[in-house]
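Q: For reference, this is query_33.txt, and it has compact mmCIF, C-alpha atoms and all ligand atoms.
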```
# COMPACT_ATOMS: atom_id res chain seq x y z
CA MET P 1 0.00 0.00 0.00
CA LYS P 2 1.39 3.35 -1.02
CA MET P 3 1.31 6.10 1.63
CA THR P 4 1.53 9.79 0.78
CA LYS P 5 1.51 12.54 3.38
CA ILE P 6 -0.64 15.33 1.93
CA TYR P 7 -0.73 17.71 4.88
CA GLU P 8 1.66 18.20 7.74
CA GLY P 9 0.85 20.81 10.35
CA ALA P 10 -0.37 20.48 13.91
CA HIS P 11 -2.15 17.44 12.53
CA GLN P 12 -1.56 15.31 9.44
CA TRP P 13 -3.37 13.93 6.45
CA VAL P 14 -2.11 10.75 4.80
CA MET P 15 -3.44 9.20 1.62
CA PHE P 16 -3.32 5.42 1.15
CA GLY P 17 -3.85 3.66 -2.13
CA ARG P 18 -2.42 1.94 -5.17
CA ASP P 19 -2.17 -1.35 -3.30
CA GLU P 20 0.01 -3.54 -5.54
CA ASN P 21 -1.26 -6.74 -3.90
CA LYS P 22 -4.94 -6.17 -4.41
CA PRO P 23 -6.78 -8.71 -6.59
CA ASP P 24 -7.25 -7.43 -10.15
CA ASN P 25 -11.01 -7.75 -10.05
CA ILE P 26 -11.37 -5.37 -7.09
CA ILE P 27 -11.34 -1.64 -7.86
CA ASP P 28 -8.51 0.45 -6.53
CA SER P 29 -9.56 2.95 -3.91
CA ASN P 30 -8.01 5.73 -1.87
CA GLN P 31 -8.25 5.83 1.87
CA TYR P 32 -7.28 8.79 4.01
CA ILE P 33 -6.41 9.35 7.63
CA VAL P 34 -6.47 12.49 9.71
CA ARG P 35 -3.95 12.03 12.48
CA THR P 36 -3.93 14.21 15.59
CA ALA P 37 -1.75 13.79 18.70
CA ASN P 38 -3.81 10.99 20.25
CA LYS P 39 -6.47 10.15 17.71
CA CYS P 40 -6.82 8.95 14.21
CA LEU P 41 -9.77 9.33 11.85
CA LEU P 42 -10.08 6.95 8.91
CA LEU P 43 -11.91 8.35 5.89
CA GLU P 44 -13.51 5.84 3.50
CA PRO P 45 -11.96 2.78 5.27
CA GLY P 46 -12.51 0.61 2.19
CA GLY P 47 -13.68 -2.87 1.30
CA THR P 48 -13.16 -6.15 3.14
CA GLU P 49 -10.42 -7.20 0.73
CA LEU P 50 -8.46 -4.11 1.56
CA PHE P 51 -8.73 -4.36 5.32
CA ALA P 52 -5.43 -6.13 6.08
CA PRO P 53 -3.13 -3.96 3.92
CA MET P 54 -4.97 -0.83 5.05
CA MET P 55 -4.77 -1.67 8.75
CA ALA P 56 -1.10 -2.62 8.37
CA ALA P 57 -0.43 0.71 6.63
CA VAL P 58 -2.22 2.69 9.34
CA LEU P 59 0.02 1.02 11.94
CA HIS P 60 2.89 3.06 10.51
CA HIS P 61 1.08 6.17 11.77
CA ALA P 62 -1.08 5.23 14.75
CA PRO P 63 -1.52 2.38 17.23
CA VAL P 64 -4.77 0.41 17.05
CA ASP P 65 -6.23 1.92 20.22
CA GLN P 66 -5.86 5.43 18.80
CA ILE P 67 -7.97 4.68 15.75
CA THR P 68 -11.02 6.28 17.29
CA ASP P 69 -13.10 7.48 14.37
CA LEU P 70 -14.21 6.23 10.98
CA PHE P 71 -16.05 8.11 8.28
CA ALA P 72 -18.01 6.69 5.36
CA SER P 73 -19.32 9.07 2.70
CA HIS P 74 -21.98 6.59 1.59
CA GLN P 75 -23.07 2.96 1.81
CA ASP P 76 -21.13 1.30 -1.01
CA PRO P 77 -19.04 -1.82 -0.30
CA ASP P 78 -15.81 -0.31 -1.66
CA VAL P 79 -16.26 2.45 0.91
CA ILE P 80 -17.17 0.57 4.04
CA SER P 81 -17.61 -3.22 3.67
CA SER P 82 -14.53 -3.66 5.90
CA LEU P 83 -16.61 -2.33 8.83
CA GLY P 84 -17.21 -5.79 10.33
CA LEU P 85 -13.46 -6.29 10.65
CA TRP P 86 -12.72 -2.85 12.09
CA ASP P 87 -15.60 -3.55 14.45
CA GLN P 88 -13.75 -6.51 15.89
CA ALA P 89 -10.35 -4.79 15.96
CA LEU P 90 -11.29 -1.47 17.56
CA SER P 91 -12.62 -1.37 21.07
CA ASN P 92 -13.43 2.31 21.31
CA ALA P 93 -14.44 3.77 17.98
CA LYS P 94 -17.21 5.73 16.30
CA LEU P 95 -18.42 5.52 12.74
CA HIS P 96 -19.65 8.80 11.27
CA ALA P 97 -21.90 7.87 8.37
CA PRO P 98 -25.13 9.06 6.74
CA ALA P 99 -28.18 8.69 8.98
CA LEU P 100 -30.18 7.46 6.00
CA TRP P 101 -27.88 4.50 5.45
CA GLU P 102 -27.61 3.29 9.03
CA GLY P 103 -29.81 0.23 8.56
CA TYR P 104 -27.91 -0.66 5.40
CA ILE P 105 -24.37 -0.11 6.62
CA ARG P 106 -25.02 -2.09 9.80
CA ASN P 107 -25.27 -5.15 7.54
CA PHE P 108 -21.48 -5.05 7.30
CA GLY P 109 -21.26 -5.67 11.06
CA CYS P 110 -21.35 -2.85 13.60
CA GLU P 111 -21.61 -4.09 17.16
CA SER P 112 -18.84 -2.54 19.20
CA ILE P 113 -18.37 0.54 17.01
CA GLU P 114 -20.82 3.34 17.76
CA TYR P 115 -22.76 4.45 14.67
CA VAL P 116 -22.99 8.24 14.75
CA PRO P 117 -25.61 9.21 12.15
CA ILE P 118 -24.87 12.30 10.07
CA PRO P 119 -28.03 14.37 9.52
CA ASP P 120 -29.05 15.32 5.96
CA ASN P 121 -27.70 18.85 6.20
CA GLY P 122 -24.28 17.79 7.47
CA GLU P 123 -22.50 18.78 10.66
CA THR P 124 -19.12 19.51 12.17
CA ILE P 125 -17.07 16.82 13.84
CA LYS P 126 -14.10 17.34 16.10
CA ILE P 127 -11.06 15.12 16.30
CA GLU P 128 -9.21 16.54 19.27
CA SER P 129 -8.69 20.19 18.24
CA VAL P 130 -9.30 19.63 14.52
CA GLU P 131 -12.69 20.71 13.26
CA LEU P 132 -13.96 18.98 10.16
CA GLN P 133 -17.00 20.09 8.19
CA ILE P 134 -19.19 17.30 6.93
CA ILE P 135 -20.60 18.73 3.72
CA PRO P 136 -23.71 17.38 1.98
CA ALA P 137 -23.03 15.95 -1.47
CA HIS P 138 -26.31 14.12 -2.00
CA TYR P 139 -26.77 12.29 -5.29
CA LEU P 140 -23.05 12.49 -6.01
CA HIS P 141 -23.35 9.65 -6.59
CA SER P 142 -25.25 8.13 -3.67
CA PRO P 143 -28.65 9.65 -2.77
CA CYS P 144 -27.30 10.39 0.71
CA ASN P 145 -23.67 11.32 0.57
CA PHE P 146 -21.17 13.55 2.39
CA HIS P 147 -17.72 15.03 1.86
CA VAL P 148 -15.21 16.14 4.49
CA TYR P 149 -13.60 19.57 4.52
CA ASP P 150 -10.66 20.56 6.69
CA SER P 151 -10.31 24.35 6.62
CA GLN P 152 -6.92 24.24 8.31
CA ALA P 153 -5.36 21.78 5.86
CA LYS P 154 -7.53 23.14 3.01
CA ILE P 155 -8.35 19.64 1.91
CA LEU P 156 -11.73 18.48 0.63
CA MET P 157 -12.17 14.70 0.71
CA CYS P 158 -14.70 14.52 -2.09
CA GLY P 159 -15.66 10.83 -2.17
CA SER P 160 -16.81 9.69 -5.60
CA VAL P 161 -16.59 13.15 -7.15
CA GLY P 162 -13.35 13.52 -9.11
CA SER P 163 -12.83 9.77 -9.21
CA ALA P 164 -11.02 7.99 -12.01
CA PHE P 165 -9.60 4.50 -12.40
CA GLU P 166 -5.90 4.08 -12.73
CA PRO P 167 -3.29 1.31 -12.75
CA ALA P 168 -1.45 0.57 -9.48
CA ASN P 169 1.64 2.52 -10.55
CA ALA P 170 -0.18 5.76 -11.44
CA PRO P 171 0.98 8.93 -9.66
CA VAL P 172 -1.23 10.13 -6.83
CA PHE P 173 -1.68 13.68 -8.17
CA VAL P 174 -3.08 14.82 -11.52
CA GLU P 175 -0.19 16.00 -13.66
CA ARG P 176 -1.87 17.00 -16.91
CA PHE P 177 -5.46 17.96 -16.38
CA ASP P 178 -6.40 17.79 -20.08
CA VAL P 179 -5.22 14.16 -20.25
CA HIS P 180 -6.85 13.24 -16.94
CA VAL P 181 -10.26 14.52 -18.03
CA GLU P 182 -10.72 11.58 -20.37
CA LYS P 183 -10.28 9.15 -17.47
CA MET P 184 -13.08 10.82 -15.55
CA ARG P 185 -15.68 11.70 -18.17
CA ALA P 186 -17.56 8.42 -18.60
CA TYR P 187 -17.56 7.71 -14.87
CA HIS P 188 -19.03 11.09 -13.97
CA GLN P 189 -21.60 11.04 -16.75
CA ARG P 190 -22.83 7.61 -15.73
CA MET P 191 -22.41 7.61 -11.93
CA MET P 192 -23.60 11.13 -11.13
CA PRO P 193 -27.35 11.12 -11.70
CA SER P 194 -28.38 14.75 -11.27
CA ASN P 195 -27.30 18.04 -12.87
CA GLN P 196 -29.26 19.86 -10.20
CA ALA P 197 -27.36 18.10 -7.40
CA LYS P 198 -24.09 18.75 -9.17
CA ARG P 199 -24.88 22.49 -9.41
CA ALA P 200 -25.76 22.74 -5.69
CA TRP P 201 -22.51 21.00 -4.80
CA ILE P 202 -20.38 23.23 -7.03
CA ASP P 203 -21.99 26.37 -5.61
CA ARG P 204 -21.20 25.16 -2.12
CA VAL P 205 -17.66 24.03 -2.86
CA ARG P 206 -16.64 27.17 -4.79
CA ASN P 207 -16.96 29.04 -1.47
CA LEU P 208 -14.38 26.84 0.20
CA ASP P 209 -10.67 27.53 0.21
CA ILE P 210 -9.24 24.31 -1.22
CA ASP P 211 -5.63 23.28 -1.85
CA ILE P 212 -6.32 19.61 -2.46
CA LEU P 213 -9.33 17.76 -3.78
CA ALA P 214 -9.02 14.20 -2.55
CA PRO P 215 -11.34 11.67 -4.26
CA GLN P 216 -11.97 8.04 -3.31
CA HIS P 217 -10.58 6.68 -6.59
CA GLY P 218 -7.76 7.82 -8.82
CA ARG P 219 -5.66 10.94 -8.49
CA MET P 220 -5.90 13.98 -6.24
CA PHE P 221 -6.13 17.52 -7.62
CA LYS P 222 -4.03 20.32 -6.22
CA GLY P 223 -3.48 24.01 -6.83
CA ASP P 224 -4.98 25.27 -10.08
CA ASP P 225 -6.31 21.83 -10.98
CA VAL P 226 -8.91 22.23 -8.22
CA LYS P 227 -10.53 25.13 -10.07
CA ARG P 228 -10.01 23.36 -13.40
CA PHE P 229 -11.87 20.37 -12.06
CA LEU P 230 -14.78 22.47 -10.75
CA ASP P 231 -15.09 24.27 -14.12
CA TRP P 232 -14.94 21.02 -16.04
CA PHE P 233 -17.51 19.32 -13.79
CA ASP P 234 -19.72 22.41 -13.97
CA SER P 235 -19.95 22.16 -17.74
CA LEU P 236 -20.40 18.39 -17.88
CA GLN P 237 -23.88 16.98 -18.51
CA VAL P 238 -24.41 14.07 -16.09
CA GLY P 239 -27.02 11.37 -15.65
CA THR P 240 -26.58 10.12 -19.20
CA GLY P 241 -27.09 6.44 -18.46
CA VAL P 242 -30.73 6.44 -19.57
CA MET K 1 -15.04 -19.90 3.70
CA ASN K 2 -13.20 -23.16 4.41
CA SER K 3 -14.83 -26.56 4.03
CA GLN K 4 -15.12 -27.10 7.80
CA THR K 5 -17.18 -23.91 8.15
CA LYS K 6 -19.22 -24.77 5.07
CA SER K 7 -20.17 -28.20 6.38
CA GLN K 8 -21.00 -26.69 9.75
CA PHE K 9 -23.41 -24.29 8.06
CA ILE K 10 -24.92 -27.17 6.10
CA ALA K 11 -25.27 -29.35 9.20
CA VAL K 12 -27.08 -26.60 11.08
CA ALA K 13 -29.31 -25.77 8.12
CA SER K 14 -30.17 -29.44 7.64
CA ILE K 15 -31.54 -29.64 11.21
CA THR K 16 -34.15 -27.03 10.40
CA SER K 17 -35.19 -28.69 7.16
CA GLU K 18 -35.31 -32.24 8.60
CA LEU K 19 -37.25 -30.98 11.60
CA SER K 20 -39.83 -29.16 9.55
CA ALA K 21 -40.57 -32.52 7.89
CA VAL K 22 -40.80 -34.12 11.36
CA MET K 23 -43.30 -31.45 12.35
CA VAL K 24 -45.54 -32.25 9.38
CA VAL K 25 -45.46 -35.95 10.20
CA ALA K 26 -46.10 -35.38 13.91
CA LYS K 27 -49.21 -33.39 12.96
CA GLU K 28 -50.29 -36.29 10.78
CA ILE K 29 -50.01 -38.62 13.76
CA SER K 30 -52.09 -36.27 15.83
CA LEU K 31 -54.74 -36.32 13.10
CA ALA K 32 -54.58 -40.11 12.88
CA ALA K 33 -55.12 -40.24 16.64
CA ALA K 34 -58.24 -38.07 16.41
CA ASN K 35 -59.49 -40.21 13.57
CA ALA K 36 -58.83 -43.41 15.52
CA LYS K 37 -60.65 -42.02 18.51
CA ALA K 38 -63.77 -41.40 16.45
CA ILE K 39 -63.69 -44.91 15.00
CA ALA K 40 -63.05 -46.49 18.40
CA PHE K 41 -65.98 -44.54 19.81
CA ARG K 42 -68.29 -45.84 17.09
CA ALA K 43 -66.93 -49.37 17.50
CA GLY K 44 -67.83 -49.26 21.21
CA ASP K 45 -67.04 -52.48 23.07
CA LYS K 46 -65.42 -54.06 20.05
CA ALA K 47 -62.59 -51.48 20.22
CA LYS K 48 -62.36 -51.20 23.97
CA GLY K 49 -58.65 -51.96 24.01
CA PHE K 50 -58.08 -49.42 21.29
CA GLN K 51 -59.46 -46.39 23.12
CA PRO K 52 -56.63 -45.80 25.61
CA ILE K 53 -54.19 -46.32 22.78
CA THR K 54 -55.64 -43.42 20.79
CA ASP K 55 -55.18 -41.11 23.77
CA PHE K 56 -51.65 -42.30 24.08
CA ILE K 57 -50.90 -41.69 20.40
CA ASN K 58 -52.34 -38.21 20.66
CA GLU K 59 -50.23 -37.45 23.72
CA LEU K 60 -47.14 -38.71 21.97
CA ALA K 61 -47.78 -36.58 18.90
CA LYS K 62 -48.30 -33.49 21.07
CA GLU K 63 -45.08 -34.10 22.96
CA THR K 64 -43.16 -34.60 19.74
CA ILE K 65 -44.49 -31.32 18.34
CA GLU K 66 -43.51 -29.55 21.53
CA LEU K 67 -40.04 -31.06 21.51
CA VAL K 68 -39.47 -30.17 17.88
CA THR K 69 -40.66 -26.61 18.48
CA ASN K 70 -38.08 -26.28 21.25
CA ILE K 71 -35.38 -27.84 19.13
CA ASN K 72 -36.13 -25.38 16.32
CA VAL K 73 -35.53 -22.47 18.65
CA TYR K 74 -32.29 -24.11 19.65
CA ALA K 75 -31.31 -24.74 16.04
CA LEU K 76 -31.76 -21.04 15.32
CA LEU K 77 -29.39 -20.22 18.18
CA LEU K 78 -26.95 -22.73 16.78
CA TYR K 79 -27.19 -21.06 13.38
CA ARG K 80 -26.45 -17.65 14.92
CA LEU K 81 -23.51 -19.14 16.74
CA THR K 82 -22.20 -20.56 13.48
CA VAL K 83 -22.47 -17.15 11.82
CA ASN K 84 -20.70 -15.61 14.76
CA GLU K 85 -17.96 -18.20 14.73
CA TYR K 86 -17.50 -17.60 11.01
CA ARG K 87 -17.15 -13.85 11.60
CA ARG K 88 -14.75 -14.34 14.48
CA THR K 89 -12.60 -16.76 12.53
CA ALA K 90 -12.53 -14.51 9.47
CA ALA K 91 -11.46 -11.57 11.65
CA TYR K 92 -8.78 -13.59 13.41
CA ASN K 93 -7.31 -14.70 10.07
CA ARG K 94 -7.31 -11.13 8.74
CA PHE K 95 -5.68 -9.83 11.91
CA GLU K 96 -2.89 -12.39 11.54
CA GLN K 97 -2.46 -11.14 7.99
CA VAL K 98 -2.24 -7.56 9.31
CA ALA K 99 0.50 -8.59 11.74
CA LYS K 100 2.50 -10.07 8.88
CA LEU K 101 2.03 -7.07 6.59
CA ALA K 102 2.73 -4.60 9.39
CA ASN K 103 6.12 -6.12 10.07
CA GLY K 104 8.45 -3.17 10.71
CA ALA K 105 5.65 -0.63 11.19
CA HIS K 106 6.16 1.69 14.13
CA TYR K 107 2.96 0.58 15.89
CA ALA K 108 2.94 -3.05 14.69
CA ASN K 109 2.91 -4.34 18.27
CA SER K 110 -0.40 -2.68 19.03
CA MET K 111 -2.03 -5.36 16.87
CA GLN K 112 -1.22 -8.04 19.46
CA GLU K 113 -4.16 -7.17 21.68
CA PRO K 114 -6.83 -7.40 18.98
CA ILE K 115 -5.28 -10.67 17.79
CA THR K 116 -5.36 -12.22 21.25
CA HIS K 117 -8.90 -10.99 21.77
CA ALA K 118 -10.08 -12.31 18.40
CA LYS K 119 -8.51 -15.69 19.12
CA THR K 120 -10.24 -15.94 22.49
CA MET K 121 -13.60 -14.97 20.97
CA MET K 122 -13.17 -17.51 18.19
CA GLN K 123 -12.28 -20.30 20.60
CA ASP K 124 -15.20 -19.36 22.86
CA CYS K 125 -17.54 -19.74 19.88
CA GLN K 126 -16.07 -23.12 19.02
CA ARG K 127 -16.47 -24.38 22.58
CA GLN K 128 -19.99 -23.00 22.85
CA PHE K 129 -20.92 -24.65 19.56
CA LYS K 130 -19.71 -28.04 20.81
CA ARG K 131 -21.60 -27.64 24.05
CA ASP K 132 -24.79 -26.67 22.25
CA VAL K 133 -24.49 -29.49 19.76
CA THR K 134 -24.14 -32.00 22.59
CA GLN K 135 -27.32 -30.63 24.17
CA LEU K 136 -29.16 -30.65 20.89
CA LEU K 137 -28.17 -34.26 20.29
CA GLY K 138 -29.74 -35.07 23.65
CA GLN K 139 -32.98 -33.39 22.60
CA LEU K 140 -32.96 -35.22 19.29
CA GLU K 141 -32.48 -38.45 21.20
CA ALA K 142 -35.71 -37.66 23.08
CA VAL K 143 -37.57 -37.31 19.77
CA MET K 144 -36.16 -40.64 18.60
CA HIS K 145 -37.35 -42.17 21.84
CA HIS K 146 -40.85 -40.90 21.13
CA ALA K 147 -40.69 -42.31 17.62
CA ARG K 148 -39.69 -45.72 18.94
CA ALA K 149 -42.50 -45.61 21.48
CA ALA K 150 -44.94 -44.74 18.71
CA ARG K 151 -43.87 -47.81 16.76
CA VAL K 152 -44.48 -50.07 19.75
CA ILE K 153 -47.92 -48.51 20.14
CA ALA K 154 -48.58 -49.04 16.46
CA ALA K 155 -47.77 -52.75 16.88
CA ASN K 156 -50.16 -52.96 19.86
CA SER K 157 -52.81 -51.13 17.90
CA ARG K 158 -52.64 -53.74 15.19
CA ILE K 159 -53.32 -56.50 17.72
CA GLU K 160 -56.21 -54.53 19.23
CA ALA K 161 -57.56 -53.76 15.77
CA SER K 162 -57.79 -57.47 14.99
CA GLN K 163 -60.47 -57.78 17.73
CA ALA K 164 -62.55 -54.97 16.28
CA GLY K 165 -64.71 -56.92 13.87
CA GLU K 166 -66.00 -54.76 11.02
CA TYR K 167 -63.76 -51.89 12.21
CA LEU K 168 -60.67 -53.96 11.71
CA GLN K 169 -59.71 -52.35 8.44
CA SER K 170 -60.05 -48.73 9.47
CA LEU K 171 -58.27 -49.26 12.77
CA GLN K 172 -55.54 -51.16 11.05
CA ALA K 173 -55.11 -48.24 8.67
CA VAL K 174 -54.67 -45.98 11.69
CA ALA K 175 -52.01 -48.29 13.13
CA GLU K 176 -50.34 -48.34 9.75
CA SER K 177 -50.17 -44.59 9.40
CA VAL K 178 -48.81 -44.16 12.94
CA ASP K 179 -46.13 -46.72 12.20
CA LYS K 180 -45.18 -45.07 8.93
CA ALA K 181 -45.04 -41.63 10.50
CA ALA K 182 -42.93 -42.85 13.41
CA HIS K 183 -40.59 -44.43 10.92
CA THR K 184 -40.17 -41.17 8.99
CA ILE K 185 -39.54 -39.22 12.19
CA HIS K 186 -36.98 -41.75 13.27
CA ASP K 187 -35.12 -41.56 9.95
CA ASN K 188 -35.13 -37.77 9.72
CA VAL K 189 -33.95 -37.28 13.26
CA GLN K 190 -31.30 -39.91 12.75
CA ARG K 191 -29.97 -37.94 9.75
CA CYS K 192 -29.79 -34.80 11.90
CA ARG K 193 -27.88 -36.65 14.56
CA ILE K 194 -25.39 -38.04 12.09
CA ALA K 195 -24.82 -34.61 10.55
CA LEU K 196 -24.18 -33.11 13.98
CA SER K 197 -22.37 -35.91 15.75
CA ILE K 198 -18.94 -34.93 14.41
CA TYR K 199 -19.21 -31.60 16.26
CA ARG K 200 -20.17 -32.95 19.67
CA ASN K 201 -18.00 -32.70 22.76
CA SER K 202 -15.78 -35.72 22.90
FE FE F 1 -20.09 4.43 -4.51
```
Let me see whether you can do it: turn the structure in this file into structure tokens.
Ligand SMILES: [Fe+2]
A:
Amino acid sequence: MKMTKIYEGAHQWVMFGRDENKPDNIIDSNQYIVRTANKCLLLEPGGTELFAPMMAAVLHHAPVDQITDLFASHQDPDVISSLGLWDQALSNAKLHAPALWEGYIRNFGCESIEYVPIPDNGETIKIESVELQIIPAHYLHSPCNFHVYDSQAKILMCGSVGSAFEPANAPVFVERFDVHVEKMRAYHQRMMPSNQAKRAWIDRVRNLDIDILAPQHGRMFKGDDVKRFLDWFDSLQVGTGV
Amino acid sequence: MNSQTKSQFIAVASITSELSAVMVVAKEISLAAANAKAIAFRAGDKAKGFQPITDFINELAKETIELVTNINVYALLLYRLTVNEYRRTAAYNRFEQVAKLANGAHYANSMQEPITHAKTMMQDCQRQFKRDVTQLLGQLEAVMHHARAARVIAANSRIEASQAGEYLQSLQAVAESVDKAAHTIHDNVQRCRIALSIYRNS
């Protein structure tokens, strides 16, 4: 599992992904941690198949008993089907996930972990002194969906938005936006069902100060590519699968 | 899922299916008993010896139904335990994998506690499963006992039926159906016991 530190301040952000040992028929996904002095938040913990390499990678940054919080943007298996395993490994953890999906996500196994439902209009969560905004991103692509914004690190973990599928040796940041666009187009047209939802999200996100857009699949966007992505997405017609 | 877990799932599932067949048959016996009672009543003195037998058959059928109902509740618990054991074992195996992959990681040692815990939980499930299977086998034995008793009664019924003059045929049919039903119960329960016996406490 490749680990890339994407923010280093009073707290840290680390991106995990490009697992060379993952089976070919499982999609590659990015996981993120927010590490504070005594706590660790796992964003989009990933699927069952990814649990062991992911957990092993996290152990480079935090001991098991300091993994206190998990976040799932939506209910899909590549996002959170590992829950049943985290549930048995962590003795004192919370899962922040959409209220709407609670009954669904619990199917993955959630007995010792406390399910903290995120209301439809989002909220703020605190990991020690770090405040994270949980921003609604409904219908992008899941009908109940959230992104995570850290105003200190200026990172927006944007779940499925901005996703692309890449080979295991691909760089973690977009290098040439015009080339990268082609890897995203079909996915966004098909997976994002609503132009209206897209517009609401873009309006909301344009007001945030963002250095890095961090999606759940593919490469991250930084600097000017953040704006380029928002402009591109703004002009894209989505929901074309019908 | 390994083959041991798979066959455990199958064994537990087969209890429920075999027992639902036992339930159907036990209800048939109960019906046969009611039927026999009506005939014996009409036959009057000619079927005097048959009357207490019908009550006995009815009692036996009721007890079997009760037993099987209890066993079904138990089988459901056993199924849940199997699911739990599967989850615990899967977690334990993954945790071992984590320990291997985390070799050299700064906090690799912190994985020891979850591993030990997972192992204990897994072993607890295995022990509990064995204990429960042993108990369930005992309950199944009780059903078999009832089935054997029903066959003895069926044999007696035949003798009594032979004294019943023109009612001979219908009473014999009752004895026949009780015997057949008892036989089916015996066979089904026996299959359950065989499927489970490899998991019992030795
Ligand atoms: Fe998804």
Q: Can I get the residues close to ligand FE 1 (chain F) as a VMD selection string, where close means within 12 Å and we count all atoms listed in the file?
A: chain P and resid 27 29 44 46 to 47 72 to 81 138 to 146 158 to 161 163 187 to 188 190 to 192 215 to 217
Q: Between atom CA of Gln12 of chain P and atom CA of Arg35 of chain P, measure the distance and give it in Å to one decimal.
A: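 For atom CA of Gln12 of chain P relative to atom CA of Arg35 of chain P, the distance reads 5.1 Å.
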Q: Using all atoms listed in the file, find the residues of chain P whose closest atom to chain K is at most 8 Å away, then write them as a PyMOL selection string.
A: chain P and resi 51-53+55-57+59-65+85+88-90
Q: Which residue out of P:Ile67, P:Cys110, P:Ile105, P:Met184 has the minimum interatomic distance to Asn92 of chain P when only C-alpha atoms are used?
A: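 Result for the nearest residue to Asn92 of chain P: P:Ile67.
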Q: To one decimal in Å, tell me the separation between atom CA of Trp86 of chain P and atom CA of Asn38 of chain P.
A: 18.4 Å
Q: To one decimal in Å, tell me the separation between atom CA of Leu171 of chain K and atom CA of Glu18 of chain K.
A: 28.9 Å
Q: Using only C-alpha atoms, which protein or nucleic acid residues come within 8 Å of Ala153 of chain P? Drop anything in the same chain fewer than 2 positions from it, and give the result as a list of chain:residue names.
A: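 Surrounding residues, per the criterion: P:Tyr7, P:Gly9, P:Asp150, P:Ser151, P:Ile155, P:Asp211.
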Q: Quick one: residues within 12 Å of Ile127 of chain P, only C-alpha atoms, excluding same-chain residues fewer than 3 positions away - as a list in words?
A: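 Skipping anything fewer than 3 positions along the chain leaves His11, Gln12, Ile33, Val34, Arg35, Thr36, Ala37, Asn38, Lys39, Cys40, Leu41, Leu42, Gln66, Ile67, Thr68, Asp69, Leu70, Phe71, Ala93, Lys94, His96, Thr124, Val130, Glu131, Leu132, Gln133 and Asp150 of chain P.
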Q: Pick out the closest residue to Asn30 of chain P from this set: P:Lys227, P:Lys198, P:His180, P:Arg18. Count all atoms listed in the file.
A: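 Using all atoms listed in the file, Asn30 of chain P sits closest to P:Arg18.
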Q: Pick from P:Trp101, P:Tyr149, P:Phe108, P:Phe177: nearest to Trp13 of chain P, with only C-alpha atoms counted?
A: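 Nearest to Trp13 of chain P: P:Tyr149.
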Q: With a distance cut-off of 7 Å and all atoms listed in the file, select the neighbouring residues of segment 34-44 of chain K, excluding the residue or stretch itself and same-chain residues fewer than 2 positions from it, and output the selection as a tab-separated table (two decimals) with C-alpha atoms, keeping the file's coordinate frame.
A:
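Everything below was put into result.tsv:
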```tsv
chain	number	residue	atom	x	y	z
K	30	SER	CA	-52.09	-36.27	15.83
K	31	LEU	CA	-54.74	-36.32	13.10
K	32	ALA	CA	-54.58	-40.11	12.88
K	46	LYS	CA	-65.42	-54.06	20.05
K	47	ALA	CA	-62.59	-51.48	20.22
K	48	LYS	CA	-62.36	-51.20	23.97
K	50	PHE	CA	-58.08	-49.42	21.29
K	51	GLN	CA	-59.46	-46.39	23.12
K	54	THR	CA	-55.64	-43.42	20.79
K	167	TYR	CA	-63.76	-51.89	12.21
K	171	LEU	CA	-58.27	-49.26	12.77
K	174	VAL	CA	-54.67	-45.98	11.69
```
Q: Neighbours of Ser14 of chain K within 10 Å (all atoms listed in the file; same-chain residues fewer than 3 positions away dropped), as a PyMOL selection string?
A: chain K and resi 8-11+17-20+75+188+191-192+195-196
Q: Out of K:Gln128, K:Thr5, K:Gln139, K:Thr116, which residue has the shortest atom-to-atom distance to Asn70 of chain K when counting all atoms listed in the file?
A: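 Selected residue with least distance to Asn70 of chain K: K:Gln139.
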Q: Near Ala175 of chain K, within 7 Å and counting all atoms listed in the file, which residues show up once chain neighbours fewer than 2 positions away are dropped, as a CSV table (one decimal) with C-alpha atoms, in the coordinates of the input?
A:
```csv
chain,number,residue,atom,x,y,z
K,154,ALA,CA,-48.6,-49.0,16.5
K,157,SER,CA,-52.8,-51.1,17.9
K,158,ARG,CA,-52.6,-53.7,15.2
K,171,LEU,CA,-58.3,-49.3,12.8
K,172,GLN,CA,-55.5,-51.2,11.0
K,173,ALA,CA,-55.1,-48.2,8.7
K,177,SER,CA,-50.2,-44.6,9.4
K,178,VAL,CA,-48.8,-44.2,12.9
K,179,ASP,CA,-46.1,-46.7,12.2
```
Q: Counting only C-alpha atoms, find residues at most 7 Å from (-22.3, 4.5, 14.0) (file frame) and give them as an mmCIF file with C-alpha atoms, keeping the file's coordinate frame.
A:
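Result written to out-v3.cif:
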```cif
data_model
loop_
_atom_site.group_PDB
_atom_site.id
_atom_site.type_symbol
_atom_site.label_atom_id
_atom_site.label_comp_id
_atom_site.auth_asym_id
_atom_site.auth_seq_id
_atom_site.Cartn_x
_atom_site.Cartn_y
_atom_site.Cartn_z
ATOM 1 C CA LYS P 94 -17.210 5.730 16.300
ATOM 2 C CA LEU P 95 -18.420 5.520 12.740
ATOM 3 C CA HIS P 96 -19.650 8.800 11.270
ATOM 4 C CA ALA P 97 -21.900 7.870 8.370
ATOM 5 C CA ILE P 113 -18.370 0.540 17.010
ATOM 6 C CA GLU P 114 -20.820 3.340 17.760
ATOM 7 C CA TYR P 115 -22.760 4.450 14.670
ATOM 8 C CA VAL P 116 -22.990 8.240 14.750
ATOM 9 C CA PRO P 117 -25.610 9.210 12.150
#
```
Q: Ranking P:Glu49, P:Asp234, P:Asp120, P:Asp203 by minimum distance to Pro23 of chain P and counting all atoms listed in the file, which one comes first?
A: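 Between P:Glu49, P:Asp234, P:Asp120, P:Asp203, the residue approaching Pro23 of chain P most closely is P:Glu49.
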